[in-house]
Number of protein chains: 2
Amino acid sequence: MSTVVELPPDTRQRLLEAACDAFREEGYQVSIDRIAARAHVARQTVYNHFPSKDALFAEAVRHAIQSVLITLDGDGATRATLLAFSEAYRAKILSAEGIAIFRTLTAEAPRFPALAKQFFRQGPQTTRKRLAEYLARAMEQGRLKRDDPDFAAEMLTAMLADFDRLRGLMNLQTDLLKPTKTAQVVDCFLRAFAPEKDMP
Amino acid sequence: MSTVVELPPDTRQRLLEAACDAFREEGYQVSIDRIAARAHVARQTVYNHFPSKDALFAEAVRHAIQSVLITLDGDGATRATLLAFSEAYRAKILSAEGIAIFRTLTAEAPRFPALAKQFFRQGPQTTRKRLAEYLARAMEQGRLKRDDPDFAAEMLTAMLADFDRLRGLMNLQTDLLKPTKTAQVVDCFLRAFAPEKDMP
DNA sequence: TGCCAAGTAGACTATACAGTCTAACCAGCT
DNA sequence: AGCTGGTTAGACTGTATAGTCTACTTGGCA
């Protein structure tokens, strides 16, 4: 058994990332042995770092959750800002990774309710809140119809992802990224939330 | 072991329904023994009717898929019609059953791609198509903005379900049915797709 | 040199489960 | 009474897996 040895230090880090990838790609079912193999590590080493599979799963998920946020900078024109956000949102949510994380979490939510809640709050909830804050400002300034900004944020994110995410979850198509779609959605949103009497 | 005996005939039917419930509630992992127990049937009987667990799962899913469609009758006013459809859509999609089916299928789609495809086409795809047909008519008659009806249908269904479904999938809240929400969404949709110059 | 911490290989236990097989059971029917 | 077809309980096989234990290696460091 000759192993090409150029393994960087932090065994634990390698392990965590391997676990992340493994759980993402194969779900919770993936065996500890497979994870150990992925990390080029002995099974016992896994148990040296994490007390149980569940604990490892929890750590891996929390680790994966870090990268779920989308920022939006409210400098430019309303449409341009929303377009940039929307593009980034779709790119993240509809990527193979995004779909896989969502699938794994959906499947295991009943067994790990605390994890699910944490994901929900740190991911979608926070994203919606930030978007809502931006929209609230735009509404105050008369750039958008005065309405419930949380509701508006929810509508926009829903329109951006729902059906295409479903396709991804059902393992259909990778042409998820029809490039005109984002603009189409944003314009639809802007129509629904256009200021009531053109200018103040 | 005294069993209260009032078991209706069709063993196979009972079995299928038990499997449906079991897979829905516990996912594919549920053991054949548990399914057999639920159906008040011996394990061997399961194998008398279905060659394997996979086959049983496939049958059960196909059976469950039947009830996923929502009809809409295009007689009344546009808003009233869409409201009725939307209410029905949310009720079905966000019910405990709807969420559970979605969860199980999402989890197993990679392993049963054919099933996933069938579900997608018979469920969401067909619903969207029917809605789109209705919207197309409304567009022709000038009751809605002339636009891509498929896109419009996708937006409406997305707005109706996306975020609340996520809550359900993550095992949060059952107050999914805030009764004003449907109307709020429909009105938002109507704003986005209002006919361009009020009347023809 | 000798110690130590981290890692390793692999045997081992216990459990769960899919799927098979057998022998008995019990209808209804002839 | 005896046959037949669906049903049943339970033993059995084989496999996969979580988690433990032990004896070994190895690199750094005092």
# chains A, B, ... in the order shown; residues from 1 in each chain; ligands from 1
>>> closest_atom_pairs(of="chain A", to="chain B", cutoff="10 Å", atoms="only C-alpha atoms", output="tab-separated table")
residue	atom	partner	partner_atom	distance
A:Glu25	CA	B:Pro110	CA	9.9
A:Glu26	CA	B:Pro110	CA	9.1
A:Gly27	CA	B:Ala107	CA	8.2
A:Gln29	CA	B:Gln29	CA	9.7
A:Ala100	CA	B:Ala107	CA	9.7
A:Phe102	CA	B:Thr106	CA	9.3
A:Arg103	CA	B:Ala107	CA	6.0
A:Thr104	CA	B:Ala107	CA	6.9
A:Leu105	CA	B:Met170	CA	7.8
A:Thr106	CA	B:Leu169	CA	5.8
A:Ala107	CA	B:Ala107	CA	5.4
A:Glu108	CA	B:Met170	CA	8.8
A:Ala109	CA	B:Met170	CA	5.5
A:Pro110	CA	B:Asn171	CA	6.6
A:Arg111	CA	B:Asn171	CA	9.9
A:Phe112	CA	B:Met170	CA	9.3
A:Pro113	CA	B:Asn171	CA	6.8
A:Ala114	CA	B:Met170	CA	9.4
A:Leu115	CA	B:Met170	CA	9.0
A:Ala116	CA	B:Met170	CA	5.3
A:Lys117	CA	B:Met170	CA	6.6
A:Gln118	CA	B:Met170	CA	9.6
A:Phe119	CA	B:Met170	CA	8.6
A:Phe120	CA	B:Met170	CA	7.2
A:Pro124	CA	B:Phe163	CA	8.5
A:Gln125	CA	B:Phe163	CA	9.4
A:Arg128	CA	B:Phe163	CA	9.9
A:Phe151	CA	B:Gln184	CA	8.9
A:Ala152	CA	B:Cys188	CA	9.0
A:Glu154	CA	B:Phe163	CA	6.8
A:Met155	CA	B:Met159	CA	5.4
A:Leu156	CA	B:Met159	CA	8.0
A:Thr157	CA	B:Phe163	CA	8.3
A:Ala158	CA	B:Asp162	CA	5.2
A:Met159	CA	B:Met155	CA	5.3
A:Leu160	CA	B:Ala158	CA	8.3
A:Ala161	CA	B:Ala158	CA	7.8
A:Asp162	CA	B:Ala158	CA	5.2
A:Phe163	CA	B:Ala158	CA	6.6
A:Asp164	CA	B:Glu154	CA	9.5
A:Arg165	CA	B:Asp162	CA	9.8
A:Leu166	CA	B:Phe120	CA	8.3
A:Arg167	CA	B:Phe120	CA	7.8
A:Gly168	CA	B:Thr106	CA	9.5
A:Leu169	CA	B:Thr106	CA	5.8
A:Met170	CA	B:Ala116	CA	5.3
A:Asn171	CA	B:Ala109	CA	6.6
A:Leu172	CA	B:Lys117	CA	7.4
A:Lys181	CA	B:Phe151	CA	9.3
A:Gln184	CA	B:Phe151	CA	8.9
A:Val185	CA	B:Met155	CA	8.1
A:Asp187	CA	B:Ala192	CA	8.9
A:Cys188	CA	B:Ala192	CA	5.8
A:Phe189	CA	B:Ala192	CA	6.8
A:Leu190	CA	B:Ala192	CA	7.7
A:Arg191	CA	B:Ala192	CA	4.8
A:Ala192	CA	B:Ala192	CA	4.0
A:Phe193	CA	B:Ala192	CA	7.7
A:Ala194	CA	B:Ala192	CA	8.9
>>> residues_around(residues="C:DG28", least_positions_apart="2", cutoff="10 Å", atoms="only C-alpha atoms (C1' of nucleotides)", output="PyMOL selection string")
(chain C and resi 26+30) or (chain D and resi 4)
>>> interface_residues(of="chain A", to="chain C", cutoff="12 Å", atoms="only C-alpha atoms (C1' of nucleotides)", output="mmCIF file with C-alpha atoms, in the first residue's frame")
data_model
loop_
_atom_site.group_PDB
_atom_site.id
_atom_site.type_symbol
_atom_site.label_atom_id
_atom_site.label_comp_id
_atom_site.auth_asym_id
_atom_site.auth_seq_id
_atom_site.Cartn_x
_atom_site.Cartn_y
_atom_site.Cartn_z
ATOM 1 C CA MET A 1 0.000 0.000 0.000
ATOM 2 C CA PRO A 9 -1.009 19.145 8.511
ATOM 3 C CA ASP A 10 -4.318 19.547 10.331
ATOM 4 C CA THR A 11 -5.717 16.068 10.284
ATOM 5 C CA ARG A 12 -8.862 17.359 11.875
ATOM 6 C CA ALA A 36 -11.959 8.080 6.688
ATOM 7 C CA HIS A 40 -6.714 9.494 3.959
ATOM 8 C CA VAL A 41 -7.036 8.672 7.606
ATOM 9 C CA ALA A 42 -7.678 5.582 9.698
ATOM 10 C CA ARG A 43 -11.111 4.967 11.103
ATOM 11 C CA GLN A 44 -9.759 5.174 14.606
ATOM 12 C CA THR A 45 -8.482 8.661 13.879
ATOM 13 C CA VAL A 46 -12.024 9.753 13.169
ATOM 14 C CA TYR A 47 -13.017 8.613 16.616
ATOM 15 C CA ASN A 48 -9.984 10.334 18.081
ATOM 16 C CA HIS A 49 -11.462 13.632 16.937
#
>>> interface_residues(of="chain D", to="chain B", cutoff="9 Å", atoms="only C-alpha atoms (C1' of nucleotides)", output="MDAnalysis selection string")
chainID D and resid 6:9
>>> write_last_selection(atoms="C-alpha atoms (C1' of nucleotides)", output="PDB file, in the first residue's frame")
ATOM      1  C1'  DG D   6     -52.733 -17.364  -0.003  1.00  0.00           C
ATOM      2  C1'  DT D   7     -51.007 -16.496   4.605  1.00  0.00           C
ATOM      3  C1'  DT D   8     -48.040 -17.003   8.703  1.00  0.00           C
ATOM      4  C1'  DA D   9     -44.122 -17.405  12.220  1.00  0.00           C
TER       5       DA D   9
END
>>> atom_distance(atom1="atom CA of B:Gly98", atom2="atom CA of B:Arg24")
9.2 Å
>>> residues_around(residues="A:Glu196", least_positions_apart="5", cutoff="9 Å", atoms="only C-alpha atoms (C1' of nucleotides)", output="JSON, numbers by chain")
{"A": [142, 144, 145, 146]}
>>> residues_around(residues="B:Val61", least_positions_apart="2", cutoff="9 Å", atoms="only C-alpha atoms (C1' of nucleotides)", output="number ranges by chain")
B: 20, 23-24, 56-59, 63-66, 101, 105, 115, 119
>>> write_last_selection(atoms="N, CA and C atoms", output="CSV table (one decimal), in the first residue's frame")
chain,number,residue,atom,x,y,z
B,20,CYS,N,-46.9,3.2,1.7
B,20,CYS,CA,-47.0,4.6,1.5
B,20,CYS,C,-46.8,5.4,2.7
B,23,PHE,N,-43.1,4.9,4.2
B,23,PHE,CA,-42.1,5.6,3.5
B,23,PHE,C,-42.2,7.1,3.7
B,24,ARG,N,-43.5,7.6,3.7
B,24,ARG,CA,-43.7,9.0,3.8
B,24,ARG,C,-43.2,9.5,5.1
B,56,LEU,N,-41.2,-2.3,-4.1
B,56,LEU,CA,-42.3,-1.8,-3.3
B,56,LEU,C,-42.3,-0.3,-3.1
B,57,PHE,N,-41.1,0.2,-2.9
B,57,PHE,CA,-40.9,1.7,-2.8
B,57,PHE,C,-41.5,2.4,-4.1
B,58,ALA,N,-41.1,1.8,-5.2
B,58,ALA,CA,-41.5,2.4,-6.5
B,58,ALA,C,-43.0,2.4,-6.6
B,59,GLU,N,-43.6,1.3,-6.3
B,59,GLU,CA,-45.1,1.2,-6.4
B,59,GLU,C,-45.7,2.2,-5.4
B,63,HIS,N,-48.1,5.3,-6.3
B,63,HIS,CA,-49.4,5.3,-5.7
B,63,HIS,C,-49.7,6.7,-5.1
B,64,ALA,N,-48.7,7.2,-4.4
B,64,ALA,CA,-48.8,8.4,-3.7
B,64,ALA,C,-48.9,9.6,-4.6
B,65,ILE,N,-48.3,9.5,-5.8
B,65,ILE,CA,-48.2,10.6,-6.7
B,65,ILE,C,-49.6,10.9,-7.3
B,66,GLN,N,-50.4,9.9,-7.4
B,66,GLN,CA,-51.8,10.1,-7.9
B,66,GLN,C,-52.4,11.4,-7.5
B,101,ILE,N,-43.9,13.8,1.6
B,101,ILE,CA,-43.6,13.2,0.3
B,101,ILE,C,-42.5,13.9,-0.4
B,105,LEU,N,-39.0,12.0,-1.4
B,105,LEU,CA,-38.5,12.0,-2.9
B,105,LEU,C,-37.3,12.8,-3.1
B,115,LEU,N,-38.2,7.5,-10.9
B,115,LEU,CA,-39.3,7.9,-10.1
B,115,LEU,C,-39.4,9.4,-9.9
B,119,PHE,N,-42.5,11.8,-10.9
B,119,PHE,CA,-43.1,12.7,-10.0
B,119,PHE,C,-43.1,14.1,-10.5
>>> residues_around(residues="A:Leu82", least_positions_apart="5", cutoff="10 Å", atoms="only C-alpha atoms (C1' of nucleotides)", output="ChimeraX atom specification")
/A:72-74,76-77,87-88,131,134-135,156,182-183,186-187,189-190
>>> select_by_dssp(residues="stretch 16-115 of chain B", states="alpha helix (DSSP H)", output="MDAnalysis selection string")
chainID B and resid 16:26 32:38 43:49 53:65 78:94 96:108 113:115
